[in-house]
Amino acid sequence: LSLKDILHGYKMGMKIGDIESAMYNASSYLMNSFYSGRSLVHLKRELDNFERHMFEYKQIVQGRLASVIHQVVSNLVNSKDSLLLMISKNMEQEGILAQAIKDSNDQIICHIYISGGIEAYIFGRYELA
């Protein structure tokens, strides 16, 4: 599937009232947008919007997945001191990770580690990647 197709799935889900499927598609769209290298500035704006909607519609798991990507994108867009950003990210994501472990949510745990590894690699912190 292309990003366009996934975004269409989100729009159709919202149109017919299938919020859960719509937010699943939105989450997939955001993660694949990040992993495929889309503009971080544009993606950050989309994350602001989608993440807010996910929590408004009480789609907590998808909202947490978006939060993981949102934090990494924000760190990369606003990067001045990579080490301080990574420490800040780790502190903010500890709560999400703890909840994911408690809930046995392997999807969120996986994305936290993958996105953290990508961020560490980008900032040249290879020992953390």
# chains A, B, ... in the order shown; residues from 1 in each chain; ligands from 1
>>> residues_around(residues="A:Ile118", least_positions_apart="6", cutoff="12 Å", atoms="only C-alpha atoms", output="list in words")
Phe34, Tyr35, Gly37, Ile69, Val72, Val73, Asn75, Leu76, Met86, His111, Ile112, Gly124, Arg125, Tyr126, Glu127, Leu128 and Ala129 of chain A
>>> closest_residue(among="A:Arg64, A:Lys58, A:Tyr121, A:Tyr113", to="A:Ile96", atoms="only C-alpha atoms")
A:Arg64
>>> closest_residue(among="A:Glu94, A:Glu56, A:Asp48, A:Asp18", to="A:Gly116", atoms="only C-alpha atoms")
A:Glu94
>>> select_by_dssp(residues="chain A", states="alpha helix (DSSP H)", output="PyMOL selection string")
chain A and resi 3-16+19-35+40-56+60-77+82-102+106-122
>>> residues_around(residues="stretch 40-42 of chain A", least_positions_apart="3", cutoff="7 Å", atoms="only C-alpha atoms", output="ChimeraX atom specification")
/A:45-46,73,77
>>> atom_distance(atom1="atom CA of A:Ser104", atom2="atom CA of A:Ser33")
25.7 Å
>>> residues_around(residues="A:Ser67", least_positions_apart="2", cutoff="12 Å", atoms="only C-alpha atoms", output="ChimeraX atom specification")
/A:27,30-31,44,46-55,60-65,69-74,89,92-93,95-97,108,111-112,115
>>> write_last_selection(atoms="N, CA and C atoms", output="short mmCIF file (atom, residue, chain, number, x, y, z; two decimals), in the first residue's frame")
data_model
loop_
_atom_site.label_atom_id
_atom_site.label_comp_id
_atom_site.auth_asym_id
_atom_site.auth_seq_id
_atom_site.Cartn_x
_atom_site.Cartn_y
_atom_site.Cartn_z
N SER A 27 -2.47 5.97 12.17
CA SER A 27 -1.23 5.57 12.84
C SER A 27 -0.26 4.93 11.85
N LEU A 30 1.23 7.65 9.63
CA LEU A 30 2.25 8.45 10.30
C LEU A 30 3.57 7.69 10.43
N MET A 31 3.50 6.44 10.86
CA MET A 31 4.72 5.65 11.01
C MET A 31 5.41 5.42 9.68
N LYS A 44 5.54 16.67 11.25
CA LYS A 44 5.26 17.16 12.61
C LYS A 44 3.89 17.81 12.67
N GLU A 46 1.32 17.15 10.76
CA GLU A 46 0.33 16.08 10.67
C GLU A 46 0.21 15.31 12.00
N LEU A 47 1.35 15.08 12.63
CA LEU A 47 1.34 14.39 13.92
C LEU A 47 0.58 15.19 14.97
N ASP A 48 0.78 16.51 15.00
CA ASP A 48 0.04 17.37 15.93
C ASP A 48 -1.46 17.13 15.79
N ASN A 49 -1.93 17.13 14.56
CA ASN A 49 -3.34 16.99 14.28
C ASN A 49 -3.86 15.58 14.57
N PHE A 50 -3.20 14.57 14.00
CA PHE A 50 -3.67 13.20 14.16
C PHE A 50 -3.62 12.74 15.62
N GLU A 51 -2.54 13.05 16.29
CA GLU A 51 -2.39 12.61 17.68
C GLU A 51 -3.51 13.19 18.55
N ARG A 52 -3.79 14.45 18.37
CA ARG A 52 -4.88 15.08 19.12
C ARG A 52 -6.21 14.37 18.85
N HIS A 53 -6.48 14.08 17.58
CA HIS A 53 -7.73 13.39 17.22
C HIS A 53 -7.79 11.98 17.81
N MET A 54 -6.67 11.29 17.83
CA MET A 54 -6.65 9.93 18.37
C MET A 54 -7.07 9.92 19.84
N PHE A 55 -6.55 10.86 20.60
CA PHE A 55 -6.91 10.91 22.01
C PHE A 55 -8.33 11.44 22.21
N ILE A 60 -6.53 5.11 22.42
CA ILE A 60 -5.34 5.27 23.25
C ILE A 60 -4.11 4.58 22.67
N VAL A 61 -4.24 3.35 22.22
CA VAL A 61 -3.08 2.63 21.68
C VAL A 61 -2.53 3.36 20.46
N GLN A 62 -3.40 3.75 19.54
CA GLN A 62 -2.94 4.46 18.35
C GLN A 62 -2.35 5.82 18.73
N GLY A 63 -2.95 6.47 19.73
CA GLY A 63 -2.43 7.75 20.20
C GLY A 63 -1.04 7.61 20.80
N ARG A 64 -0.82 6.53 21.54
CA ARG A 64 0.51 6.29 22.11
C ARG A 64 1.54 6.00 21.02
N LEU A 65 1.14 5.25 20.01
CA LEU A 65 2.05 4.99 18.89
C LEU A 65 2.42 6.30 18.20
N ILE A 69 6.34 8.39 17.72
CA ILE A 69 6.88 8.99 16.49
C ILE A 69 6.94 10.51 16.63
N HIS A 70 5.92 11.11 17.24
CA HIS A 70 5.86 12.56 17.42
C HIS A 70 7.07 13.06 18.20
N GLN A 71 7.43 12.35 19.26
CA GLN A 71 8.57 12.78 20.07
C GLN A 71 9.87 12.73 19.28
N VAL A 72 10.06 11.66 18.53
CA VAL A 72 11.29 11.54 17.73
C VAL A 72 11.34 12.63 16.66
N VAL A 73 10.22 12.84 15.97
CA VAL A 73 10.18 13.88 14.93
C VAL A 73 10.43 15.26 15.54
N SER A 74 9.82 15.53 16.67
CA SER A 74 10.05 16.82 17.35
C SER A 74 11.51 16.99 17.71
N LYS A 89 13.72 12.81 25.67
CA LYS A 89 12.84 11.84 25.03
C LYS A 89 12.70 10.60 25.91
N GLU A 92 10.39 11.28 28.80
CA GLU A 92 9.00 11.40 28.39
C GLU A 92 8.41 10.06 27.96
N GLN A 93 9.22 9.21 27.37
CA GLN A 93 8.71 7.93 26.88
C GLN A 93 8.75 6.82 27.92
N GLY A 95 7.12 6.66 30.65
CA GLY A 95 5.74 6.38 31.04
C GLY A 95 5.01 5.55 30.00
N ILE A 96 5.21 5.90 28.72
CA ILE A 96 4.58 5.13 27.64
C ILE A 96 5.12 3.71 27.62
N LEU A 97 6.43 3.57 27.76
CA LEU A 97 7.04 2.24 27.75
C LEU A 97 6.57 1.42 28.95
N ILE A 108 3.71 -1.22 20.68
CA ILE A 108 4.24 0.05 21.18
C ILE A 108 5.69 -0.13 21.63
N HIS A 111 7.95 -0.17 18.60
CA HIS A 111 8.13 1.14 17.96
C HIS A 111 8.97 2.09 18.81
N ILE A 112 8.88 1.98 20.12
CA ILE A 112 9.74 2.80 20.97
C ILE A 112 11.20 2.46 20.72
N SER A 115 12.23 3.43 16.89
CA SER A 115 12.37 4.87 16.68
C SER A 115 13.52 5.43 17.50
#
